[in-house]
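J.: This one is my_file_8.csv, CSV, C-alpha atoms and all ligand atoms.
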```
chain,number,residue,atom,x,y,z
A,25,MET,CA,-5.6,35.8,-4.9
A,26,PHE,CA,-5.7,32.9,-7.4
A,27,GLU,CA,-5.7,29.2,-6.6
A,28,VAL,CA,-5.2,26.1,-8.8
A,29,SER,CA,-5.5,22.5,-7.7
A,30,VAL,CA,-4.6,19.1,-9.0
A,31,ASP,CA,-6.1,15.9,-7.7
A,32,GLU,CA,-4.3,12.5,-7.7
A,33,THR,CA,-5.1,9.1,-6.3
A,34,PHE,CA,-3.2,6.2,-4.8
A,35,SER,CA,-3.9,3.0,-3.0
A,36,SER,CA,-1.9,2.0,0.1
A,37,GLY,CA,-2.1,0.0,3.3
A,38,HIS,CA,-1.6,1.3,6.8
A,39,ALA,CA,-2.2,0.6,10.5
A,40,LEU,CA,-2.6,3.3,13.1
A,41,ARG,CA,-0.3,2.6,16.1
A,42,GLY,CA,-1.9,3.4,19.5
A,43,TYR,CA,-5.4,3.7,18.1
A,44,LYS,CA,-8.0,1.9,20.1
A,45,GLY,CA,-10.2,0.5,17.5
A,46,LYS,CA,-10.3,-1.3,14.1
A,47,CYS,CA,-7.9,1.2,12.5
A,48,GLU,CA,-5.0,-0.3,14.5
A,49,ASN,CA,-5.3,-3.3,12.3
A,50,VAL,CA,-3.7,-3.4,8.8
A,51,HIS,CA,-6.2,-2.1,6.2
A,52,GLY,CA,-6.1,-0.2,3.0
A,53,HIS,CA,-7.5,3.0,1.4
A,54,ASN,CA,-8.0,4.4,-2.0
A,55,TYR,CA,-6.6,7.8,-1.1
A,56,LYS,CA,-7.4,11.0,-3.0
A,57,VAL,CA,-5.0,13.9,-2.8
A,58,ARG,CA,-5.6,17.5,-3.7
A,59,VAL,CA,-2.7,19.9,-3.9
A,60,THR,CA,-3.6,23.5,-4.1
A,61,LEU,CA,-1.3,26.4,-5.1
A,62,ALA,CA,-2.1,30.0,-4.4
A,63,GLY,CA,-0.6,33.3,-5.4
A,64,PRO,CA,-1.4,37.0,-5.9
A,65,LYS,CA,-0.7,37.3,-9.6
A,66,LEU,CA,-0.6,35.4,-12.8
A,67,ASP,CA,2.4,35.0,-15.1
A,68,SER,CA,2.8,36.7,-18.5
A,69,ILE,CA,0.5,34.2,-20.2
A,70,GLY,CA,-2.2,34.2,-17.6
A,71,LEU,CA,-1.3,31.2,-15.5
A,72,LEU,CA,-0.7,30.9,-11.8
A,73,TYR,CA,1.4,27.8,-12.3
A,74,ASP,CA,1.9,25.2,-15.1
A,75,PHE,CA,-0.4,22.3,-14.4
A,76,VAL,CA,2.0,20.0,-16.2
A,77,HIS,CA,4.8,20.8,-13.7
A,78,LEU,CA,2.5,20.5,-10.8
A,79,LYS,CA,1.2,17.1,-11.9
A,80,GLN,CA,4.8,15.9,-12.4
A,81,ALA,CA,5.8,16.9,-8.9
A,82,ILE,CA,2.7,15.3,-7.4
A,83,GLN,CA,3.1,12.1,-9.3
A,84,SER,CA,6.7,11.7,-8.3
A,85,VAL,CA,5.7,11.8,-4.6
A,86,ILE,CA,2.6,9.6,-5.1
A,87,ARG,CA,4.8,7.0,-6.8
A,88,THR,CA,6.7,6.5,-3.5
A,89,LEU,CA,3.4,5.8,-1.6
A,90,ASP,CA,1.3,3.9,-4.1
A,91,HIS,CA,0.7,0.1,-3.5
A,92,ARG,CA,2.9,0.1,-0.4
A,93,HIS,CA,2.4,-0.5,3.3
A,94,LEU,CA,3.0,3.0,4.6
A,95,ASN,CA,4.1,1.9,8.1
A,96,ASP,CA,7.2,0.2,6.5
A,97,PHE,CA,9.1,3.3,5.5
A,98,ALA,CA,10.1,6.8,6.6
A,99,PRO,CA,8.6,8.9,8.0
A,100,PHE,CA,5.7,6.5,8.7
A,101,ASP,CA,7.9,3.9,10.4
A,102,THR,CA,8.1,6.4,13.3
A,103,ILE,CA,5.1,8.7,12.9
A,104,ASN,CA,1.6,7.3,12.3
A,105,PRO,CA,0.5,7.2,8.6
A,106,SER,CA,-2.7,9.2,9.5
A,107,ALA,CA,-4.3,11.2,6.8
A,108,GLU,CA,-3.1,14.3,8.6
A,109,ASN,CA,0.6,13.1,8.6
A,110,ILE,CA,0.3,11.9,5.0
A,111,ALA,CA,-0.9,15.4,3.9
A,112,GLN,CA,2.0,17.1,5.7
A,113,HIS,CA,4.5,14.6,4.2
A,114,ILE,CA,3.1,15.2,0.6
A,115,PHE,CA,3.2,18.9,1.2
A,116,GLU,CA,6.9,18.8,2.3
A,117,GLU,CA,8.0,16.4,-0.5
A,118,ILE,CA,6.3,18.4,-3.3
A,119,SER,CA,7.6,21.6,-1.9
A,120,LYS,CA,11.2,20.3,-2.4
A,121,GLN,CA,10.5,19.6,-6.1
A,122,MET,CA,8.5,22.7,-7.1
A,123,LYS,CA,10.2,25.1,-9.4
A,124,SER,CA,10.1,28.5,-7.8
A,125,ALA,CA,7.6,30.7,-9.5
A,126,GLU,CA,8.4,34.3,-10.3
A,127,ASN,CA,4.8,35.3,-9.6
A,128,GLY,CA,5.0,34.1,-6.1
A,129,ALA,CA,2.8,31.0,-6.4
A,130,THR,CA,3.3,28.5,-3.6
A,131,ILE,CA,1.6,25.4,-2.3
A,132,SER,CA,-1.1,26.6,0.1
A,133,GLN,CA,-2.5,23.3,1.2
A,134,VAL,CA,-2.7,19.5,0.7
A,135,THR,CA,-5.9,17.6,1.4
A,136,VAL,CA,-5.9,13.8,1.7
A,137,TRP,CA,-9.2,11.8,1.6
A,138,GLU,CA,-9.2,8.3,3.1
A,139,THR,CA,-12.8,7.8,2.1
A,140,ASP,CA,-15.4,9.9,0.1
A,141,VAL,CA,-16.5,11.5,3.3
A,142,THR,CA,-13.4,11.8,5.5
A,143,SER,CA,-10.4,14.0,4.7
A,144,ALA,CA,-7.6,15.9,6.4
A,145,THR,CA,-5.9,19.1,5.3
A,146,TYR,CA,-2.4,20.3,6.0
A,147,ARG,CA,-1.6,24.0,5.7
A,148,PRO,CA,1.7,25.4,6.8
A,201,ZN,ZN,-7.0,3.8,7.6
```
Would you encode the structure as structure tokens?

T.:
Amino acid sequence: MFEVSVDETFSSGHALRGYKGKCENVHGHNYKVRVTLAGPKLDSIGLLYDFVHLKQAIQSVIRTLDHRHLNDFAPFDTINPSAENIAQHIFEEISKQMKSAENGATISQVTVWETDVTSATYRP
């Protein structure tokens, strides 16, 4: 099995509804996102997936989140913008944009860091 990953960052505000503590107040994070693809075989030129295409897909999703208050728009106007839910959201949005790969490469997981030491990972 091969894996490739691309990291990206964005800055956003959020507030966790129903959380008993300071995270229920509006605050911000400099998020880091890692999108990982996995697949059993490489293409004819030795790639699992083209990094350029993967970066473009990630950036198009990150653009919708960057410098915004996440609670203000779907799906985070109804579900909490926790790192876990953000990871799932990014996974689903990037999945819609990915060109299907003949070698079977698919997104295996998305990890979102809220700080250097706290992260959440979504895996389908
Ligand atoms: Zn937070």

J.: Find the residues around Val85 (chain A) up to 10 Å (all atoms listed in the file counted), leave out those fewer than 5 positions away in its own chain, and share them as a PyMOL selection string.

T.: chain A and resi 80+90+113-118+121

J.: Show me, as a PyMOL selection string, the residues that have an atom within 12 Å of Gly42 (chain A) when counting all atoms listed in the file, minus same-chain residues fewer than 2 positions from it.

T.: chain A and resi 39-40+44-49+103-106

J.: Write a file of the selected residues as a PDB file, keeping the file's coordinate frame, keeping C-alpha atoms.

T.:
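Writing the result to out13.pdb gives the following:
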```
ATOM      1  CA  ALA A  39      -2.200   0.600  10.500  1.00  0.00           C
ATOM      2  CA  LEU A  40      -2.600   3.300  13.100  1.00  0.00           C
ATOM      3  CA  LYS A  44      -8.000   1.900  20.100  1.00  0.00           C
ATOM      4  CA  GLY A  45     -10.200   0.500  17.500  1.00  0.00           C
ATOM      5  CA  LYS A  46     -10.300  -1.300  14.100  1.00  0.00           C
ATOM      6  CA  CYS A  47      -7.900   1.200  12.500  1.00  0.00           C
ATOM      7  CA  GLU A  48      -5.000  -0.300  14.500  1.00  0.00           C
ATOM      8  CA  ASN A  49      -5.300  -3.300  12.300  1.00  0.00           C
ATOM      9  CA  ILE A 103       5.100   8.700  12.900  1.00  0.00           C
ATOM     10  CA  ASN A 104       1.600   7.300  12.300  1.00  0.00           C
ATOM     11  CA  PRO A 105       0.500   7.200   8.600  1.00  0.00           C
ATOM     12  CA  SER A 106      -2.700   9.200   9.500  1.00  0.00           C
TER      13      SER A 106
END
```

J.: Under the rule of at most 12 Å, produce a per-residue listing of chain A near ligand ZN 201 (chain A): chain, number, name, the closest pair of atoms, and the distance in Å, as CSV, using all atoms listed in the file.

T.:
```
residue,atom,partner,partner_atom,distance
A:Ser35,CA,A:ZN201,ZN,11.1
A:Ser36,CA,A:ZN201,ZN,9.2
A:Gly37,CA,A:ZN201,ZN,7.5
A:His38,CA,A:ZN201,ZN,6.0
A:Ala39,CA,A:ZN201,ZN,6.5
A:Leu40,CA,A:ZN201,ZN,7.1
A:Arg41,CA,A:ZN201,ZN,10.9
A:Tyr43,CA,A:ZN201,ZN,10.6
A:Gly45,CA,A:ZN201,ZN,10.9
A:Lys46,CA,A:ZN201,ZN,8.9
A:Cys47,CA,A:ZN201,ZN,5.6
A:Glu48,CA,A:ZN201,ZN,8.3
A:Asn49,CA,A:ZN201,ZN,8.7
A:Val50,CA,A:ZN201,ZN,8.0
A:His51,CA,A:ZN201,ZN,6.1
A:Gly52,CA,A:ZN201,ZN,6.2
A:His53,CA,A:ZN201,ZN,6.3
A:Asn54,CA,A:ZN201,ZN,9.7
A:Tyr55,CA,A:ZN201,ZN,9.6
A:His93,CA,A:ZN201,ZN,11.2
A:Leu94,CA,A:ZN201,ZN,10.5
A:Asn95,CA,A:ZN201,ZN,11.3
A:Asn104,CA,A:ZN201,ZN,10.4
A:Pro105,CA,A:ZN201,ZN,8.3
A:Ser106,CA,A:ZN201,ZN,7.2
A:Ala107,CA,A:ZN201,ZN,7.9
A:Glu108,CA,A:ZN201,ZN,11.2
A:Ile110,CA,A:ZN201,ZN,11.2
A:Val136,CA,A:ZN201,ZN,11.7
A:Trp137,CA,A:ZN201,ZN,10.2
A:Glu138,CA,A:ZN201,ZN,6.7
A:Thr139,CA,A:ZN201,ZN,8.9
A:Thr142,CA,A:ZN201,ZN,10.5
A:Ser143,CA,A:ZN201,ZN,11.1
```

J.: Using all atoms listed in the file, pick whichever of A:Lys65, A:Lys120, A:His77, A:Arg147 has the shortest atom-to-atom distance to Met25 (chain A).

T.: A:Lys65

J.: If I take CA of Met122 (chain A) and CA of Val76 (chain A), how far is one from the other in Å, to one decimal?

T.: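 Atom-to-atom, CA of Met122 (chain A) and CA of Val76 (chain A) are spaced 11.5 Å apart.
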